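Raw contents of coords-v5.txt, compact mmCIF, C-alpha atoms:
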```txt
# COMPACT_ATOMS: atom_id res chain seq x y z
CA MET A 146 74.54 162.05 127.37
CA ARG A 147 78.08 162.48 126.01
CA LYS A 148 79.24 159.56 128.13
CA ASP A 149 76.50 157.33 126.65
CA ALA A 150 77.46 158.38 123.12
CA PHE A 151 81.10 157.58 123.86
CA TRP A 152 80.23 154.06 125.04
CA LEU A 153 77.92 153.50 122.08
CA ILE A 154 80.59 154.55 119.59
CA LEU A 155 83.23 152.47 121.37
CA GLY A 156 80.94 149.44 121.36
CA LEU A 157 80.19 149.79 117.65
CA PHE A 158 83.89 150.19 116.90
CA LEU A 159 84.81 147.08 118.86
CA LEU A 160 81.98 145.06 117.32
CA GLY A 161 83.05 146.13 113.84
CA SER A 162 86.66 145.16 114.46
CA VAL A 163 85.58 141.73 115.73
CA ILE A 164 83.46 141.12 112.63
CA ILE A 165 86.10 142.41 110.21
CA GLY A 166 88.93 140.63 111.99
CA GLN A 167 87.36 137.18 112.10
CA ASN A 168 89.89 134.43 111.64
CA PHE A 169 88.40 131.38 110.03
CA SER A 170 90.22 128.08 110.26
CA TYR A 171 90.48 125.07 107.98
CA VAL A 172 88.55 122.01 109.10
CA GLY A 173 89.18 119.48 106.32
CA SER A 174 87.07 118.03 103.55
CA GLY A 175 85.54 115.47 105.92
CA LYS A 176 83.48 118.27 107.44
CA CYS A 177 82.20 119.25 103.98
CA LYS A 178 81.28 115.63 103.37
CA MET A 179 78.58 115.77 106.05
CA CYS A 180 76.32 117.83 103.78
CA HIS A 181 77.84 117.42 100.34
CA GLN A 182 77.74 113.65 99.88
CA THR A 183 74.12 113.08 98.91
CA GLU A 184 72.66 113.07 95.40
CA SER A 185 70.08 115.66 96.42
CA ARG A 186 72.89 118.10 97.34
CA GLY A 187 75.04 117.26 94.28
CA ASN A 188 77.40 114.65 95.78
CA GLN A 189 80.34 117.04 95.56
CA TYR A 190 82.40 115.17 98.15
CA SER A 191 82.49 111.89 96.20
CA PHE A 192 83.17 113.84 93.04
CA TRP A 193 86.17 115.57 94.68
CA GLN A 194 87.40 112.33 96.26
CA GLN A 195 87.69 110.72 92.82
CA SER A 196 89.36 113.77 91.26
CA LYS A 197 93.00 114.53 90.57
CA HIS A 198 92.71 117.37 93.08
CA ALA A 199 92.19 114.86 95.89
CA GLN A 200 95.27 112.93 94.70
CA SER A 201 97.50 115.97 94.14
CA PHE A 202 99.62 115.47 97.25
CA SER A 203 100.17 111.75 96.70
CA VAL A 204 101.49 112.54 93.21
CA LEU A 205 104.52 114.06 94.94
CA THR A 206 105.58 110.58 96.08
CA SER A 207 105.83 109.24 92.52
CA GLU A 208 109.01 108.49 90.58
CA LYS A 209 108.12 111.23 88.11
CA ALA A 210 107.91 113.75 90.96
CA ALA A 211 111.29 112.58 92.27
CA GLU A 212 112.81 113.08 88.80
CA ARG A 213 111.32 116.56 88.45
CA ALA A 214 112.42 117.44 91.96
CA GLN A 215 115.97 116.32 91.29
CA ALA A 216 116.05 118.38 88.08
CA ALA A 217 114.86 121.40 90.08
CA ASP A 218 117.39 120.74 92.86
CA VAL A 219 114.64 119.85 95.33
CA SER A 220 115.40 117.01 97.73
CA THR A 221 111.93 116.11 99.02
CA PRO A 222 108.88 117.11 96.93
CA THR A 223 106.46 116.31 99.79
CA GLU A 224 108.16 118.98 101.92
CA ALA A 225 109.24 121.56 99.33
CA PRO A 226 107.22 124.81 99.44
CA GLN A 227 107.48 125.23 95.66
CA CYS A 228 105.73 121.85 95.24
CA LEU A 229 103.29 122.18 98.11
CA LYS A 230 101.92 125.55 97.00
CA CYS A 231 99.97 123.73 94.27
CA HIS A 232 99.91 120.08 95.36
CA ALA A 233 98.91 120.77 98.99
CA PRO A 234 98.05 124.47 99.22
CA LEU A 235 96.93 124.29 102.86
CA ALA A 236 100.22 122.75 104.05
CA ASP A 237 101.45 125.99 105.61
CA LYS A 238 98.09 126.99 107.15
CA ALA A 239 96.84 123.55 108.23
CA PRO A 240 99.68 121.00 108.06
CA GLU A 241 97.39 118.22 109.26
CA LEU A 242 95.43 118.57 105.99
CA LYS A 243 98.46 118.38 103.70
CA ASP A 244 97.71 114.86 102.49
CA GLU A 245 94.21 115.93 101.34
CA GLY A 246 95.78 117.78 98.42
CA VAL A 247 93.60 120.41 96.79
CA THR A 248 90.62 120.26 99.12
CA CYS A 249 87.21 121.90 99.11
CA GLU A 250 88.62 124.66 101.31
CA VAL A 251 91.46 125.50 98.93
CA CYS A 252 88.92 126.86 96.46
CA HIS A 253 85.99 127.67 98.75
CA GLY A 254 87.75 129.10 101.80
CA PRO A 255 88.14 127.92 105.39
CA GLY A 256 85.05 126.15 106.66
CA SER A 257 85.19 126.62 110.41
CA ALA A 258 82.27 129.05 110.47
CA SER A 259 80.54 128.59 107.12
CA ARG A 260 80.15 124.80 107.45
CA LYS A 261 77.35 125.07 109.99
CA PHE A 262 74.04 124.24 108.32
CA SER A 263 72.35 127.25 109.92
CA ILE A 264 74.86 129.44 108.07
CA MET A 265 75.38 127.44 104.88
CA LYS A 266 71.66 127.45 104.00
CA ASP A 267 71.87 131.25 103.62
CA ARG A 268 74.38 132.02 100.85
CA ALA A 269 75.01 135.62 101.97
CA LYS A 270 75.58 134.50 105.54
CA ALA A 271 77.91 131.71 104.36
CA ILE A 272 79.99 134.19 102.36
CA GLU A 273 80.11 136.49 105.37
CA ASN A 274 81.46 133.53 107.35
CA GLY A 275 84.29 132.61 104.99
CA LEU A 276 82.73 130.78 102.03
CA LYS A 277 84.41 131.82 98.80
CA LEU A 278 82.40 131.73 95.58
CA TYR A 279 83.31 133.05 92.18
CA GLY A 280 81.21 135.49 90.19
CA SER A 281 82.07 134.21 86.75
CA PRO A 282 83.85 131.45 84.83
CA GLU A 283 86.65 133.96 84.19
CA ALA A 284 87.17 134.44 87.95
CA ILE A 285 87.34 130.67 88.40
CA LYS A 286 89.82 130.38 85.54
CA THR A 287 92.05 133.07 87.04
CA TYR A 288 92.11 131.19 90.33
CA CYS A 289 92.90 127.86 88.61
CA LEU A 290 95.73 129.37 86.57
CA ARG A 291 97.68 130.10 89.75
CA CYS A 292 98.79 126.47 89.54
CA HIS A 293 97.71 125.22 86.15
CA GLU A 294 99.87 127.59 84.17
CA ASN A 295 103.45 127.00 85.14
CA ALA A 296 106.54 125.26 83.81
CA HIS A 297 105.59 121.93 85.40
CA HIS A 298 102.10 121.73 84.01
CA GLN A 299 100.82 120.46 80.69
CA PRO A 300 98.97 122.97 78.52
CA PHE A 301 95.78 123.90 80.35
CA ASN A 302 92.43 124.07 78.58
CA PHE A 303 90.16 125.66 81.16
CA ALA A 304 86.91 124.98 79.29
CA ALA A 305 87.66 121.26 79.05
CA ALA A 306 88.97 121.08 82.63
CA TRP A 307 85.92 122.90 83.98
CA GLN A 308 83.60 120.36 82.36
CA LYS A 309 85.45 117.64 84.28
CA ILE A 310 85.50 119.33 87.70
CA LYS A 311 82.41 121.53 87.99
CA HIS A 312 80.23 120.48 90.89
CA PRO A 313 77.21 122.76 91.28
CA LEU A 314 74.43 122.43 93.77
CA PRO A 315 71.35 120.98 92.05
CA GLN A 316 68.68 123.51 91.11
CA LYS A 317 65.56 123.27 93.25
```
What's the structure tokens form of this structure?
Amino acid sequence: MRKDAFWLILGLFLLGSVIIGQNFSYVGSGKCKMCHQTESRGNQYSFWQQSKHAQSFSVLTSEKAAERAQAADVSTPTEAPQCLKCHAPLADKAPELKDEGVTCEVCHGPGSASRKFSIMKDRAKAIENGLKLYGSPEAIKTYCLRCHENAHHQPFNFAAAWQKIKHPLPQK
């Protein structure tokens, strides 16, 4: 009996550490596109693709970026961590996604597990599998201000910016 209890407790401990220690990986916005490109789902992918977030990495190749980089004693903005942390936040975790800029996964978490339709259709299950959602506009604003409130950024009006970038799922 004690031996059975030992194995049961060990099994539960190992299962718990597997669940808690899940490592989700970044898969790229193209994987999000599969479900989030239709009008019935809100067409978030096309919306993102036309946004400044999708262009944020390419901005680093502009003359203005070169001037700012030189003033900050940075030789190559497309490689500098201080530039990439906002213009390509996944560059250190998923270098192959660097040119996507501020992708779906920057704000909503790595999609390796949550992107599966069988998981995504259940919000709680999606969150359990890496989807990041925000409980309030204030939480969203706090996340945005990590990049939008620094010396290189124009004054940031969250309310106006949110009206331009919000992309909810349509109500059923």
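Taking CA of Pro315 (chain A) as the reference point, CA of Cys180 (chain A) is found at 13.1 Å.
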When you look at Asn274 (chain A) with a cut-off of 9 Å (counting only C-alpha atoms), what residues show up, excluding the ones that are within fewer than 5 positions of it in the same chain? I need them as a list in words. Gln167, Phe169, Pro255, Gly256, Ser257, Ala258, Ser259, Arg260, Ile264, Met265 and Ala269 of chain A
How far is it from CA of Ala306 (chain A) to CA of Glu273 (chain A), in Å with one decimal? 28.9 Å
Fewer than 5 positions away in the same chain doesn't count, so skip those; otherwise give me all residues within 12 Å of Gln194 (chain A), counting only C-alpha atoms, as a ChimeraX atom specification. /A:174-175,177-178,181-182,188-189,199-201,245-249,310
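Coordinates place CA of Thr221 (chain A) at a distance of 29.5 Å from CA of Phe192 (chain A).
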8 Å per side around region 236-248 of chain A: axis-aligned box centre and edge lengths, as lines of an AutoDock Vina configuration file:
```
center_x = 96.0
center_y = 120.9
center_z = 103.0
size_x = 26.8
size_y = 28.1
size_z = 28.5
```
Can you tell me which residues surround Lys243 (chain A) at a distance of at most 12 Å, considering only C-alpha atoms, apart from same-chain residues fewer than 2 positions away, and format the answer as a PyMOL selection string? chain A and resi 171-174+199-203+205+223-224+226+228-241+245-248+250-251
How would you write as an NGL selection string the residues that get within 12 Å of (86.0, 116.0, 84.1) in the file's frame, counting all atoms listed in the file? :A and (192-193 or 195-198 or 302-312)
Tell me which of A:Ala211, A:His298, A:Ala217, A:Gly254 sits closest to Ile272 (chain A), counting all atoms listed in the file. A:Gly254
Select, from A:Lys270, A:Cys252, A:Lys317, A:Ser263, the residue with the minimum atom-to-atom distance to Arg291 (chain A), counting all atoms listed in the file. A:Cys252
For region 249-284 of chain A, where the input has fewer atoms than it should, I would like N, CA and C atoms rebuilt and written as a PDB file, in the frame of the given file.
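The new file result_2.pdb reads:
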```
ATOM      1  N   CYS A 249      88.349 120.996  99.271  1.00  0.00           N
ATOM      2  CA  CYS A 249      87.210 121.900  99.110  1.00  0.00           C
ATOM      3  C   CYS A 249      87.598 123.312  99.564  1.00  0.00           C
ATOM      4  N   GLU A 250      88.301 123.376 100.695  1.00  0.00           N
ATOM      5  CA  GLU A 250      88.620 124.660 101.310  1.00  0.00           C
ATOM      6  C   GLU A 250      89.693 125.436 100.554  1.00  0.00           C
ATOM      7  N   VAL A 251      90.478 124.783  99.730  1.00  0.00           N
ATOM      8  CA  VAL A 251      91.460 125.500  98.930  1.00  0.00           C
ATOM      9  C   VAL A 251      90.735 126.471  98.005  1.00  0.00           C
ATOM     10  N   CYS A 252      89.678 126.018  97.393  1.00  0.00           N
ATOM     11  CA  CYS A 252      88.920 126.860  96.460  1.00  0.00           C
ATOM     12  C   CYS A 252      87.793 127.640  97.132  1.00  0.00           C
ATOM     13  N   HIS A 253      87.184 127.068  98.163  1.00  0.00           N
ATOM     14  CA  HIS A 253      85.990 127.670  98.750  1.00  0.00           C
ATOM     15  C   HIS A 253      86.203 128.329 100.103  1.00  0.00           C
ATOM     16  N   GLY A 254      87.449 128.406 100.562  1.00  0.00           N
ATOM     17  CA  GLY A 254      87.750 129.100 101.800  1.00  0.00           C
ATOM     18  C   GLY A 254      87.608 128.229 103.030  1.00  0.00           C
ATOM     19  N   PRO A 255      88.184 128.689 104.146  1.00  0.00           N
ATOM     20  CA  PRO A 255      88.140 127.920 105.390  1.00  0.00           C
ATOM     21  C   PRO A 255      86.702 127.709 105.865  1.00  0.00           C
ATOM     22  N   GLY A 256      86.423 126.508 106.336  1.00  0.00           N
ATOM     23  CA  GLY A 256      85.050 126.150 106.660  1.00  0.00           C
ATOM     24  C   GLY A 256      84.652 126.187 108.112  1.00  0.00           C
ATOM     25  N   SER A 257      85.507 126.692 108.981  1.00  0.00           N
ATOM     26  CA  SER A 257      85.190 126.620 110.410  1.00  0.00           C
ATOM     27  C   SER A 257      83.861 127.268 110.767  1.00  0.00           C
ATOM     28  N   ALA A 258      83.528 128.375 110.158  1.00  0.00           N
ATOM     29  CA  ALA A 258      82.270 129.050 110.470  1.00  0.00           C
ATOM     30  C   ALA A 258      81.186 128.760 109.436  1.00  0.00           C
ATOM     31  N   SER A 259      81.561 128.732 108.166  1.00  0.00           N
ATOM     32  CA  SER A 259      80.540 128.590 107.120  1.00  0.00           C
ATOM     33  C   SER A 259      79.965 127.190 107.022  1.00  0.00           C
ATOM     34  N   ARG A 260      80.611 126.190 107.596  1.00  0.00           N
ATOM     35  CA  ARG A 260      80.150 124.800 107.450  1.00  0.00           C
ATOM     36  C   ARG A 260      78.886 124.486 108.235  1.00  0.00           C
ATOM     37  N   LYS A 261      78.552 125.311 109.192  1.00  0.00           N
ATOM     38  CA  LYS A 261      77.350 125.070 109.990  1.00  0.00           C
ATOM     39  C   LYS A 261      76.114 125.194 109.099  1.00  0.00           C
ATOM     40  N   PHE A 262      75.215 124.234 109.189  1.00  0.00           N
ATOM     41  CA  PHE A 262      74.040 124.240 108.320  1.00  0.00           C
ATOM     42  C   PHE A 262      73.226 125.518 108.475  1.00  0.00           C
ATOM     43  N   SER A 263      73.124 126.023 109.691  1.00  0.00           N
ATOM     44  CA  SER A 263      72.350 127.250 109.920  1.00  0.00           C
ATOM     45  C   SER A 263      72.932 128.431 109.150  1.00  0.00           C
ATOM     46  N   ILE A 264      74.208 128.382 108.850  1.00  0.00           N
ATOM     47  CA  ILE A 264      74.860 129.440 108.070  1.00  0.00           C
ATOM     48  C   ILE A 264      74.873 129.083 106.592  1.00  0.00           C
ATOM     49  N   MET A 265      75.226 127.847 106.269  1.00  0.00           N
ATOM     50  CA  MET A 265      75.380 127.440 104.880  1.00  0.00           C
ATOM     51  C   MET A 265      74.076 127.532 104.078  1.00  0.00           C
ATOM     52  N   LYS A 266      72.936 127.390 104.744  1.00  0.00           N
ATOM     53  CA  LYS A 266      71.660 127.450 104.000  1.00  0.00           C
ATOM     54  C   LYS A 266      71.344 128.867 103.521  1.00  0.00           C
ATOM     55  N   ASP A 267      72.041 129.861 104.037  1.00  0.00           N
ATOM     56  CA  ASP A 267      71.870 131.250 103.620  1.00  0.00           C
ATOM     57  C   ASP A 267      73.167 131.688 102.931  1.00  0.00           C
ATOM     58  N   ARG A 268      73.151 131.758 101.613  1.00  0.00           N
ATOM     59  CA  ARG A 268      74.380 132.020 100.850  1.00  0.00           C
ATOM     60  C   ARG A 268      75.092 133.289 101.316  1.00  0.00           C
ATOM     61  N   ALA A 269      74.377 134.371 101.532  1.00  0.00           N
ATOM     62  CA  ALA A 269      75.010 135.620 101.970  1.00  0.00           C
ATOM     63  C   ALA A 269      75.684 135.440 103.324  1.00  0.00           C
ATOM     64  N   LYS A 270      75.014 134.746 104.214  1.00  0.00           N
ATOM     65  CA  LYS A 270      75.580 134.500 105.540  1.00  0.00           C
ATOM     66  C   LYS A 270      76.811 133.595 105.440  1.00  0.00           C
ATOM     67  N   ALA A 271      76.767 132.617 104.553  1.00  0.00           N
ATOM     68  CA  ALA A 271      77.910 131.710 104.360  1.00  0.00           C
ATOM     69  C   ALA A 271      79.118 132.483 103.846  1.00  0.00           C
ATOM     70  N   ILE A 272      78.894 133.374 102.898  1.00  0.00           N
ATOM     71  CA  ILE A 272      79.990 134.190 102.360  1.00  0.00           C
ATOM     72  C   ILE A 272      80.557 135.084 103.451  1.00  0.00           C
ATOM     73  N   GLU A 273      79.688 135.656 104.243  1.00  0.00           N
ATOM     74  CA  GLU A 273      80.110 136.490 105.370  1.00  0.00           C
ATOM     75  C   GLU A 273      80.960 135.697 106.362  1.00  0.00           C
ATOM     76  N   ASN A 274      80.751 134.395 106.405  1.00  0.00           N
ATOM     77  CA  ASN A 274      81.460 133.530 107.350  1.00  0.00           C
ATOM     78  C   ASN A 274      82.559 132.702 106.678  1.00  0.00           C
ATOM     79  N   GLY A 275      83.094 133.197 105.576  1.00  0.00           N
ATOM     80  CA  GLY A 275      84.290 132.610 104.990  1.00  0.00           C
ATOM     81  C   GLY A 275      84.128 131.822 103.709  1.00  0.00           C
ATOM     82  N   LEU A 276      82.906 131.523 103.275  1.00  0.00           N
ATOM     83  CA  LEU A 276      82.730 130.780 102.030  1.00  0.00           C
ATOM     84  C   LEU A 276      83.152 131.655 100.854  1.00  0.00           C
ATOM     85  N   LYS A 277      83.954 131.093  99.980  1.00  0.00           N
ATOM     86  CA  LYS A 277      84.410 131.820  98.800  1.00  0.00           C
ATOM     87  C   LYS A 277      83.712 131.238  97.577  1.00  0.00           C
ATOM     88  N   LEU A 278      83.029 132.101  96.842  1.00  0.00           N
ATOM     89  CA  LEU A 278      82.400 131.730  95.580  1.00  0.00           C
ATOM     90  C   LEU A 278      82.938 132.660  94.508  1.00  0.00           C
ATOM     91  N   TYR A 279      82.754 132.287  93.285  1.00  0.00           N
ATOM     92  CA  TYR A 279      83.310 133.050  92.180  1.00  0.00           C
ATOM     93  C   TYR A 279      82.177 133.590  91.325  1.00  0.00           C
ATOM     94  N   GLY A 280      82.296 134.837  90.909  1.00  0.00           N
ATOM     95  CA  GLY A 280      81.210 135.490  90.190  1.00  0.00           C
ATOM     96  C   GLY A 280      81.083 135.135  88.730  1.00  0.00           C
ATOM     97  N   SER A 281      82.111 134.501  88.178  1.00  0.00           N
ATOM     98  CA  SER A 281      82.070 134.210  86.750  1.00  0.00           C
ATOM     99  C   SER A 281      83.052 133.088  86.416  1.00  0.00           C
ATOM    100  N   PRO A 282      82.875 132.459  85.267  1.00  0.00           N
ATOM    101  CA  PRO A 282      83.850 131.450  84.830  1.00  0.00           C
ATOM    102  C   PRO A 282      85.260 132.056  84.709  1.00  0.00           C
ATOM    103  N   GLU A 283      85.343 133.311  84.320  1.00  0.00           N
ATOM    104  CA  GLU A 283      86.650 133.960  84.190  1.00  0.00           C
ATOM    105  C   GLU A 283      87.349 134.080  85.550  1.00  0.00           C
ATOM    106  N   ALA A 284      86.588 134.366  86.596  1.00  0.00           N
ATOM    107  CA  ALA A 284      87.170 134.440  87.950  1.00  0.00           C
ATOM    108  C   ALA A 284      87.664 133.064  88.393  1.00  0.00           C
TER     109      ALA A 284
END
```
